[in-house]
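Reproduced below: coords12.cif, with mmCIF, C-alpha atoms, pLDDT in the B column; chains and numbers go by the auth columns.
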```cif
data_my_file
#
loop_
_atom_site.group_PDB
_atom_site.id
_atom_site.type_symbol
_atom_site.label_atom_id
_atom_site.label_comp_id
_atom_site.label_asym_id
_atom_site.label_seq_id
_atom_site.Cartn_x
_atom_site.Cartn_y
_atom_site.Cartn_z
_atom_site.B_iso_or_equiv
_atom_site.auth_seq_id
_atom_site.auth_asym_id
ATOM 1 C CA GLN A 1 128.536 -29.678 -96.674 76.00 1 N
ATOM 2 C CA VAL A 2 128.542 -33.412 -97.209 80.00 2 N
ATOM 3 C CA GLN A 3 131.876 -34.851 -98.205 91.00 3 N
ATOM 4 C CA LEU A 4 133.447 -38.224 -98.786 96.00 4 N
ATOM 5 C CA VAL A 5 137.222 -38.079 -98.869 97.00 5 N
ATOM 6 C CA GLU A 6 139.371 -40.988 -99.973 98.00 6 N
ATOM 7 C CA SER A 7 142.982 -41.450 -98.928 98.00 7 N
ATOM 8 C CA GLY A 8 145.656 -44.119 -98.956 98.00 8 N
ATOM 9 C CA GLY A 9 146.247 -44.432 -102.671 98.00 9 N
ATOM 10 C CA GLY A 10 149.699 -44.474 -104.188 98.00 10 N
ATOM 11 C CA LEU A 11 152.275 -46.404 -106.168 98.00 11 N
ATOM 12 C CA VAL A 12 152.946 -50.019 -105.219 98.00 12 N
ATOM 13 C CA GLN A 13 154.703 -52.930 -106.845 98.00 13 N
ATOM 14 C CA ASP A 14 153.003 -55.994 -108.248 98.00 14 N
ATOM 15 C CA GLY A 15 152.024 -58.206 -105.309 98.00 15 N
ATOM 16 C CA GLY A 16 152.032 -55.340 -102.834 98.00 16 N
ATOM 17 C CA SER A 17 149.314 -54.034 -100.538 98.00 17 N
ATOM 18 C CA LEU A 18 147.483 -50.794 -99.862 98.00 18 N
ATOM 19 C CA ARG A 19 144.706 -49.724 -97.538 98.00 19 N
ATOM 20 C CA LEU A 20 142.261 -47.106 -98.730 98.00 20 N
ATOM 21 C CA SER A 21 140.158 -45.050 -96.350 98.00 21 N
ATOM 22 C CA CYS A 22 136.972 -43.093 -96.981 98.00 22 N
ATOM 23 C CA ALA A 23 136.120 -40.486 -94.372 96.00 23 N
ATOM 24 C CA ALA A 24 132.660 -38.944 -94.351 92.00 24 N
ATOM 25 C CA SER A 25 131.781 -35.524 -93.020 88.00 25 N
ATOM 26 C CA GLY A 26 128.736 -33.316 -93.025 85.00 26 N
ATOM 27 C CA ARG A 27 126.358 -36.152 -92.221 83.00 27 N
ATOM 28 C CA THR A 28 126.564 -39.637 -90.870 84.00 28 N
ATOM 29 C CA PHE A 29 126.467 -42.578 -93.248 87.00 29 N
ATOM 30 C CA GLY A 30 126.668 -45.167 -90.522 86.00 30 N
ATOM 31 C CA MET A 31 123.113 -46.347 -91.179 87.00 31 N
ATOM 32 C CA TYR A 32 123.549 -46.796 -94.940 92.00 32 N
ATOM 33 C CA ALA A 33 125.267 -49.076 -97.417 95.00 33 N
ATOM 34 C CA MET A 34 128.542 -47.907 -98.888 96.00 34 N
ATOM 35 C CA GLY A 35 130.770 -49.094 -101.675 98.00 35 N
ATOM 36 C CA TRP A 36 134.028 -48.823 -103.574 98.00 36 N
ATOM 37 C CA PHE A 37 134.283 -48.390 -107.320 98.00 37 N
ATOM 38 C CA ARG A 38 137.192 -47.812 -109.671 98.00 38 N
ATOM 39 C CA GLN A 39 137.752 -46.298 -113.078 98.00 39 N
ATOM 40 C CA VAL A 40 140.464 -46.405 -115.687 98.00 40 N
ATOM 41 C CA PRO A 41 140.621 -43.566 -118.255 94.00 41 N
ATOM 42 C CA GLY A 42 138.503 -44.402 -121.256 95.00 42 N
ATOM 43 C CA LYS A 43 136.583 -47.131 -119.466 97.00 43 N
ATOM 44 C CA GLU A 44 133.370 -47.329 -117.505 97.00 44 N
ATOM 45 C CA ARG A 45 133.507 -47.027 -113.748 97.00 45 N
ATOM 46 C CA GLU A 46 133.274 -50.515 -112.276 98.00 46 N
ATOM 47 C CA PHE A 47 132.135 -51.998 -109.012 98.00 47 N
ATOM 48 C CA VAL A 48 134.774 -53.227 -106.579 98.00 48 N
ATOM 49 C CA ALA A 49 133.063 -53.944 -103.251 98.00 49 N
ATOM 50 C CA ALA A 50 130.037 -52.997 -101.162 98.00 50 N
ATOM 51 C CA ILE A 51 129.111 -53.253 -97.508 97.00 51 N
ATOM 52 C CA SER A 52 125.901 -53.039 -95.494 96.00 52 N
ATOM 53 C CA TRP A 53 125.436 -50.536 -92.705 94.00 53 N
ATOM 54 C CA SER A 54 126.498 -52.997 -90.030 95.00 54 N
ATOM 55 C CA GLY A 55 129.417 -54.395 -91.967 95.00 55 N
ATOM 56 C CA GLN A 56 128.034 -57.898 -91.638 95.00 56 N
ATOM 57 C CA SER A 57 127.066 -58.210 -95.281 96.00 57 N
ATOM 58 C CA THR A 58 129.563 -57.603 -98.072 97.00 58 N
ATOM 59 C CA SER A 59 129.975 -58.305 -101.771 98.00 59 N
ATOM 60 C CA TYR A 60 132.902 -58.157 -104.174 98.00 60 N
ATOM 61 C CA ALA A 61 133.655 -58.085 -107.857 98.00 61 N
ATOM 62 C CA GLU A 62 134.985 -61.431 -109.024 98.00 62 N
ATOM 63 C CA SER A 63 138.262 -59.811 -110.058 98.00 63 N
ATOM 64 C CA VAL A 64 139.078 -58.778 -106.475 98.00 64 N
ATOM 65 C CA LYS A 65 137.434 -61.537 -104.453 98.00 65 N
ATOM 66 C CA GLY A 66 139.885 -63.119 -102.058 98.00 66 N
ATOM 67 C CA ARG A 67 142.349 -60.234 -102.384 98.00 67 N
ATOM 68 C CA PHE A 68 140.370 -57.172 -101.231 98.00 68 N
ATOM 69 C CA THR A 69 138.476 -56.705 -97.977 98.00 69 N
ATOM 70 C CA ILE A 70 135.906 -53.985 -97.357 98.00 70 N
ATOM 71 C CA SER A 71 135.144 -52.883 -93.817 98.00 71 N
ATOM 72 C CA ARG A 72 133.800 -49.897 -91.930 97.00 72 N
ATOM 73 C CA ALA A 73 134.009 -48.162 -88.560 96.00 73 N
ATOM 74 C CA ASN A 74 130.690 -46.371 -88.075 94.00 74 N
ATOM 75 C CA SER A 75 131.884 -44.696 -84.882 93.00 75 N
ATOM 76 C CA LYS A 76 134.481 -42.942 -87.045 94.00 76 N
ATOM 77 C CA ASN A 77 132.180 -42.459 -90.062 93.00 77 N
ATOM 78 C CA THR A 78 134.873 -44.183 -92.094 96.00 78 N
ATOM 79 C CA MET A 79 135.049 -47.050 -94.566 97.00 79 N
ATOM 80 C CA TYR A 80 138.123 -49.002 -95.644 98.00 80 N
ATOM 81 C CA LEU A 81 139.353 -51.143 -98.501 98.00 81 N
ATOM 82 C CA GLN A 82 142.285 -53.415 -97.707 98.00 82 N
ATOM 83 C CA MET A 83 143.909 -54.446 -100.964 98.00 83 N
ATOM 84 C CA MET A 84 146.335 -57.377 -100.994 98.00 84 N
ATOM 85 C CA THR A 85 148.272 -59.106 -103.764 98.00 85 N
ATOM 86 C CA LEU A 86 147.773 -56.130 -106.040 98.00 86 N
ATOM 87 C CA LYS A 87 148.118 -56.590 -109.781 98.00 87 N
ATOM 88 C CA PRO A 88 148.863 -54.078 -112.548 98.00 88 N
ATOM 89 C CA GLU A 89 145.265 -54.461 -113.726 97.00 89 N
ATOM 90 C CA ASP A 90 144.123 -53.024 -110.376 98.00 90 N
ATOM 91 C CA THR A 91 145.566 -49.669 -111.438 98.00 91 N
ATOM 92 C CA ALA A 92 142.728 -47.133 -111.434 98.00 92 N
ATOM 93 C CA VAL A 93 141.209 -44.199 -109.623 98.00 93 N
ATOM 94 C CA TYR A 94 139.285 -45.598 -106.680 98.00 94 N
ATOM 95 C CA TYR A 95 136.083 -43.922 -105.511 98.00 95 N
ATOM 96 C CA CYS A 96 134.046 -44.432 -102.381 98.00 96 N
ATOM 97 C CA ALA A 97 130.304 -43.937 -102.438 97.00 97 N
ATOM 98 C CA ALA A 98 127.386 -43.852 -100.028 95.00 98 N
ATOM 99 C CA ARG A 99 123.835 -44.937 -100.701 93.00 99 N
ATOM 100 C CA VAL A 100 121.225 -42.980 -98.755 86.00 100 N
ATOM 101 C CA GLY A 101 118.223 -45.244 -98.422 85.00 101 N
ATOM 102 C CA ALA A 102 117.135 -48.496 -96.758 83.00 102 N
ATOM 103 C CA PRO A 103 118.743 -47.566 -93.421 87.00 103 N
ATOM 104 C CA TYR A 104 119.699 -50.264 -90.957 88.00 104 N
ATOM 105 C CA THR A 105 119.218 -53.121 -93.407 87.00 105 N
ATOM 106 C CA ASP A 106 121.590 -55.657 -94.906 89.00 106 N
ATOM 107 C CA TYR A 107 120.997 -54.137 -98.319 91.00 107 N
ATOM 108 C CA HIS A 108 124.060 -53.255 -100.384 94.00 108 N
ATOM 109 C CA THR A 109 124.481 -53.035 -104.107 94.00 109 N
ATOM 110 C CA SER A 110 126.966 -53.100 -106.965 96.00 110 N
ATOM 111 C CA ASN A 111 124.801 -50.680 -108.957 96.00 111 N
ATOM 112 C CA GLN A 112 126.655 -47.381 -109.039 97.00 112 N
ATOM 113 C CA TYR A 113 123.491 -45.487 -109.962 96.00 113 N
ATOM 114 C CA GLU A 114 121.996 -46.236 -106.568 95.00 114 N
ATOM 115 C CA TYR A 115 124.752 -44.289 -104.823 95.00 115 N
ATOM 116 C CA GLY A 116 124.073 -40.604 -104.296 94.00 116 N
ATOM 117 C CA TYR A 117 127.291 -39.448 -102.663 94.00 117 N
ATOM 118 C CA TRP A 118 130.776 -39.849 -104.114 97.00 118 N
ATOM 119 C CA GLY A 119 134.304 -38.977 -103.137 97.00 119 N
ATOM 120 C CA GLN A 120 136.794 -37.285 -105.429 97.00 120 N
ATOM 121 C CA GLY A 121 138.852 -40.445 -105.924 98.00 121 N
ATOM 122 C CA THR A 122 142.337 -41.623 -105.078 98.00 122 N
ATOM 123 C CA GLN A 123 144.843 -42.979 -107.592 98.00 123 N
ATOM 124 C CA VAL A 124 146.188 -46.489 -107.161 98.00 124 N
ATOM 125 C CA THR A 125 149.035 -47.487 -109.452 98.00 125 N
ATOM 126 C CA VAL A 126 150.489 -50.991 -109.449 98.00 126 N
ATOM 127 C CA SER A 127 153.777 -51.348 -111.289 98.00 127 N
ATOM 128 C CA SER A 128 154.869 -54.620 -112.874 93.00 128 N
#
```
Just dump the structure as structure tokens.
Amino acid sequence: QVQLVESGGGLVQDGGSLRLSCAASGRTFGMYAMGWFRQVPGKEREFVAAISWSGQSTSYAESVKGRFTISRANSKNTMYLQMMTLKPEDTAVYYCAARVGAPYTDYHTSNQYEYGYWGQGTQVTVSS
């Protein structure tokens, strides 16, 4: 059974930091692009960050650029999202996703519909 499991969410004050993890099991995603998305109730799920298989190529939503850092440890089949200087508007359920296709390339995408595997989400709440 293929699973992506997020962890590390929680309640933090405005300006605080959190580190999310996404652990994969059931198959290896080390050769594929992965990404983080987030969703607030009543709103569309939105792109946060994406990373190529090697970790050398990344992209970010403008709203998080300079504050969030995406990374991965393929030997551990795990991806991370370091979130700094958090703001109340960062409050959301955060999802990790894996895109199976274009292995061992620098390709990564903000298009959620290209991702075939998703985690169950972890809540991040930033209080003002």
Separation of CA of Thr28 in chain N from CA of Asn77 in chain N, in Å and rounded to one decimal: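 Calculated distance between CA of Thr28 in chain N and CA of Asn77 in chain N is 6.3 Å.
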Pull the closest atom pair for each residue of range 17-128 of chain N that gets at most 12 Å from range 4-7 of chain N, along with the distance in Å to one decimal, counting only C-alpha atoms, ordering rows by chain and then ascending residue number, as CSV.
```
residue,atom,partner,partner_atom,distance
N:Leu18,CA,N:Ser7,CA,10.4
N:Arg19,CA,N:Ser7,CA,8.6
N:Leu20,CA,N:Ser7,CA,5.7
N:Ser21,CA,N:Ser7,CA,5.3
N:Cys22,CA,N:Glu6,CA,4.4
N:Ala23,CA,N:Val5,CA,5.2
N:Ala24,CA,N:Leu4,CA,4.6
N:Ser25,CA,N:Leu4,CA,6.6
N:Gly26,CA,N:Leu4,CA,8.9
N:Arg27,CA,N:Leu4,CA,9.9
N:Thr28,CA,N:Leu4,CA,10.6
N:Phe29,CA,N:Leu4,CA,9.9
N:Met34,CA,N:Leu4,CA,10.9
N:Gly35,CA,N:Leu4,CA,11.6
N:Trp36,CA,N:Glu6,CA,10.1
N:Phe37,CA,N:Glu6,CA,11.6
N:Asn77,CA,N:Leu4,CA,9.8
N:Thr78,CA,N:Leu4,CA,9.1
N:Met79,CA,N:Glu6,CA,9.2
N:Tyr80,CA,N:Glu6,CA,9.2
N:Leu81,CA,N:Glu6,CA,10.3
N:Val93,CA,N:Glu6,CA,10.3
N:Tyr94,CA,N:Glu6,CA,8.1
N:Tyr95,CA,N:Glu6,CA,7.1
N:Cys96,CA,N:Glu6,CA,6.8
N:Ala97,CA,N:Leu4,CA,7.5
N:Ala98,CA,N:Leu4,CA,8.4
N:Arg99,CA,N:Leu4,CA,11.9
N:Gly116,CA,N:Leu4,CA,11.1
N:Tyr117,CA,N:Leu4,CA,7.4
N:Trp118,CA,N:Leu4,CA,6.2
N:Gly119,CA,N:Leu4,CA,4.5
N:Gln120,CA,N:Val5,CA,6.6
N:Gly121,CA,N:Glu6,CA,6.0
N:Thr122,CA,N:Glu6,CA,5.9
N:Gln123,CA,N:Ser7,CA,9.0
N:Val124,CA,N:Ser7,CA,10.2
```
Where does range 31-121 of chain N meet range 9-14 of chain N within 7 Å, residue by residue, with the nearest atom pair and distance in Å to one decimal for each, counting all atoms listed in the file, listed by chain and rising number, as JSON lines?
```
{"residue": "N:Leu86", "atom": "CA", "partner": "N:Asp14", "partner_atom": "CA", "distance": 5.7}
{"residue": "N:Lys87", "atom": "CA", "partner": "N:Asp14", "partner_atom": "CA", "distance": 5.2}
{"residue": "N:Pro88", "atom": "CA", "partner": "N:Asp14", "partner_atom": "CA", "distance": 6.3}
```
- request: Name the residues captured by the PyMOL selection byres ((chain N and resi 40) around 10) when it is applied to the shown file; answer as a PyMOL selection string.
  value: chain N and resi 38-39+41-46+89-94+123
Protein, DNA and RNA residues within 9 Å of (130.3, -51.9, -97.5), only C-alpha atoms, as a short mmCIF file (atom, residue, chain, number, x, y, z; two decimals) with C-alpha atoms, in the coordinates of the input:
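So result12.cif came out as:
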```cif
data_model
loop_
_atom_site.label_atom_id
_atom_site.label_comp_id
_atom_site.auth_asym_id
_atom_site.auth_seq_id
_atom_site.Cartn_x
_atom_site.Cartn_y
_atom_site.Cartn_z
CA TYR N 32 123.55 -46.80 -94.94
CA ALA N 33 125.27 -49.08 -97.42
CA MET N 34 128.54 -47.91 -98.89
CA GLY N 35 130.77 -49.09 -101.68
CA TRP N 36 134.03 -48.82 -103.57
CA ALA N 49 133.06 -53.94 -103.25
CA ALA N 50 130.04 -53.00 -101.16
CA ILE N 51 129.11 -53.25 -97.51
CA SER N 52 125.90 -53.04 -95.49
CA TRP N 53 125.44 -50.54 -92.70
CA SER N 54 126.50 -53.00 -90.03
CA GLY N 55 129.42 -54.40 -91.97
CA GLN N 56 128.03 -57.90 -91.64
CA SER N 57 127.07 -58.21 -95.28
CA THR N 58 129.56 -57.60 -98.07
CA SER N 59 129.98 -58.30 -101.77
CA ILE N 70 135.91 -53.98 -97.36
CA SER N 71 135.14 -52.88 -93.82
CA ARG N 72 133.80 -49.90 -91.93
CA MET N 79 135.05 -47.05 -94.57
CA TYR N 80 138.12 -49.00 -95.64
CA ALA N 98 127.39 -43.85 -100.03
CA HIS N 108 124.06 -53.26 -100.38
CA THR N 109 124.48 -53.04 -104.11
#
```
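The shortest atom-to-atom distance to Phe47 in chain N, with only C-alpha atoms taken into account, belongs to N:Gln112 out of N:Val2, N:Gln112, N:Tyr107, N:Phe68.
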Residue nearest Asn74 in chain N - candidates N:Gly8, N:Ser127, N:Gly16, N:Gly30, atoms counted: only C-alpha atoms: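 The closest residue to Asn74 in chain N is N:Gly30.
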query: CA of Ala61 in chain N and CA of Val48 in chain N are how many Å apart?
result: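 Going from CA of Ala61 in chain N over to CA of Val48 in chain N covers 5.1 Å.
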statement: For Tyr104 in chain N, the closest of N:Met84, N:Lys65, N:Met31, N:Gln3 counting all atoms listed in the file is N:Met31
- request: Quote the spacing between CA of Met83 in chain N and CA of Pro103 in chain N in Å to one decimal place.
  value: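 Calculated distance between CA of Met83 in chain N and CA of Pro103 in chain N is 27.2 Å.
With distances restricted to all atoms listed in the file, N:Thr85 is the closest residue to Ser63 in chain N from N:Ser75, N:Thr85, N:Gln1, N:Val100.
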Just add N, CA and C atoms to range 89-121 of chain N and send it as a short mmCIF file (atom, residue, chain, number, x, y, z; two decimals), in the coordinates of the input.
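What ended up in rebuild_10.cif:
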```
data_model
loop_
_atom_site.label_atom_id
_atom_site.label_comp_id
_atom_site.auth_asym_id
_atom_site.auth_seq_id
_atom_site.Cartn_x
_atom_site.Cartn_y
_atom_site.Cartn_z
N GLU N 89 146.63 -54.73 -113.26
CA GLU N 89 145.26 -54.46 -113.73
C GLU N 89 144.36 -53.85 -112.65
N ASP N 90 144.85 -53.73 -111.43
CA ASP N 90 144.12 -53.02 -110.38
C ASP N 90 144.37 -51.52 -110.45
N THR N 91 145.28 -51.09 -111.30
CA THR N 91 145.57 -49.67 -111.44
C THR N 91 144.32 -48.92 -111.90
N ALA N 92 143.95 -47.89 -111.14
CA ALA N 92 142.73 -47.13 -111.43
C ALA N 92 142.60 -46.01 -110.41
N VAL N 93 141.65 -45.13 -110.65
CA VAL N 93 141.21 -44.20 -109.62
C VAL N 93 140.10 -44.89 -108.84
N TYR N 94 140.24 -44.93 -107.54
CA TYR N 94 139.28 -45.60 -106.68
C TYR N 94 138.39 -44.57 -106.00
N TYR N 95 137.08 -44.82 -106.07
CA TYR N 95 136.08 -43.92 -105.51
C TYR N 95 135.29 -44.63 -104.42
N CYS N 96 134.99 -43.90 -103.35
CA CYS N 96 134.05 -44.43 -102.38
C CYS N 96 132.69 -43.75 -102.61
N ALA N 97 131.65 -44.43 -102.21
CA ALA N 97 130.30 -43.94 -102.44
C ALA N 97 129.40 -44.36 -101.30
N ALA N 98 128.36 -43.56 -101.07
CA ALA N 98 127.39 -43.85 -100.03
C ALA N 98 125.99 -43.85 -100.63
N ARG N 99 125.20 -44.81 -100.20
CA ARG N 99 123.84 -44.94 -100.70
C ARG N 99 122.89 -44.54 -99.59
N VAL N 100 122.17 -43.44 -99.76
CA VAL N 100 121.22 -42.98 -98.76
C VAL N 100 119.87 -43.59 -99.05
N GLY N 101 119.48 -44.54 -98.23
CA GLY N 101 118.22 -45.24 -98.42
C GLY N 101 118.32 -46.58 -97.72
N ALA N 102 117.18 -47.19 -97.42
CA ALA N 102 117.14 -48.50 -96.76
C ALA N 102 118.05 -48.53 -95.54
N PRO N 103 117.86 -47.61 -94.60
CA PRO N 103 118.74 -47.57 -93.42
C PRO N 103 118.59 -48.80 -92.54
N TYR N 104 119.66 -49.16 -91.92
CA TYR N 104 119.70 -50.26 -90.96
C TYR N 104 119.18 -51.57 -91.54
N THR N 105 119.53 -51.83 -92.79
CA THR N 105 119.22 -53.12 -93.41
C THR N 105 120.51 -53.73 -93.93
N ASP N 106 120.42 -54.99 -94.35
CA ASP N 106 121.59 -55.66 -94.91
C ASP N 106 121.78 -55.33 -96.38
N TYR N 107 120.94 -54.45 -96.90
CA TYR N 107 121.00 -54.14 -98.32
C TYR N 107 122.31 -53.47 -98.68
N HIS N 108 122.92 -53.91 -99.78
CA HIS N 108 124.06 -53.26 -100.38
C HIS N 108 124.04 -53.64 -101.85
N THR N 109 124.66 -52.84 -102.68
CA THR N 109 124.48 -53.04 -104.11
C THR N 109 125.73 -52.73 -104.90
N SER N 110 125.87 -53.37 -106.05
CA SER N 110 126.97 -53.10 -106.96
C SER N 110 126.57 -52.07 -108.02
N ASN N 111 125.31 -51.62 -107.96
CA ASN N 111 124.80 -50.68 -108.96
C ASN N 111 125.22 -49.26 -108.61
N GLN N 112 126.12 -48.70 -109.36
CA GLN N 112 126.66 -47.38 -109.04
C GLN N 112 125.58 -46.30 -109.06
N TYR N 113 124.53 -46.51 -109.82
CA TYR N 113 123.49 -45.49 -109.96
C TYR N 113 122.60 -45.39 -108.73
N GLU N 114 122.75 -46.31 -107.82
CA GLU N 114 122.00 -46.24 -106.57
C GLU N 114 122.74 -45.42 -105.51
N TYR N 115 123.96 -45.03 -105.79
CA TYR N 115 124.75 -44.29 -104.82
C TYR N 115 124.64 -42.80 -105.12
N GLY N 116 124.31 -42.03 -104.09
CA GLY N 116 124.07 -40.60 -104.30
C GLY N 116 125.23 -39.71 -103.89
N TYR N 117 126.15 -40.24 -103.11
CA TYR N 117 127.29 -39.45 -102.66
C TYR N 117 128.58 -40.14 -103.10
N TRP N 118 129.52 -39.33 -103.60
CA TRP N 118 130.78 -39.85 -104.11
C TRP N 118 131.95 -39.01 -103.62
N GLY N 119 133.08 -39.68 -103.43
CA GLY N 119 134.30 -38.98 -103.14
C GLY N 119 134.97 -38.51 -104.43
N GLN N 120 136.09 -37.84 -104.27
CA GLN N 120 136.79 -37.28 -105.43
C GLN N 120 137.75 -38.29 -106.06
N GLY N 121 138.00 -39.39 -105.37
CA GLY N 121 138.85 -40.44 -105.92
C GLY N 121 140.28 -40.38 -105.45
#
```
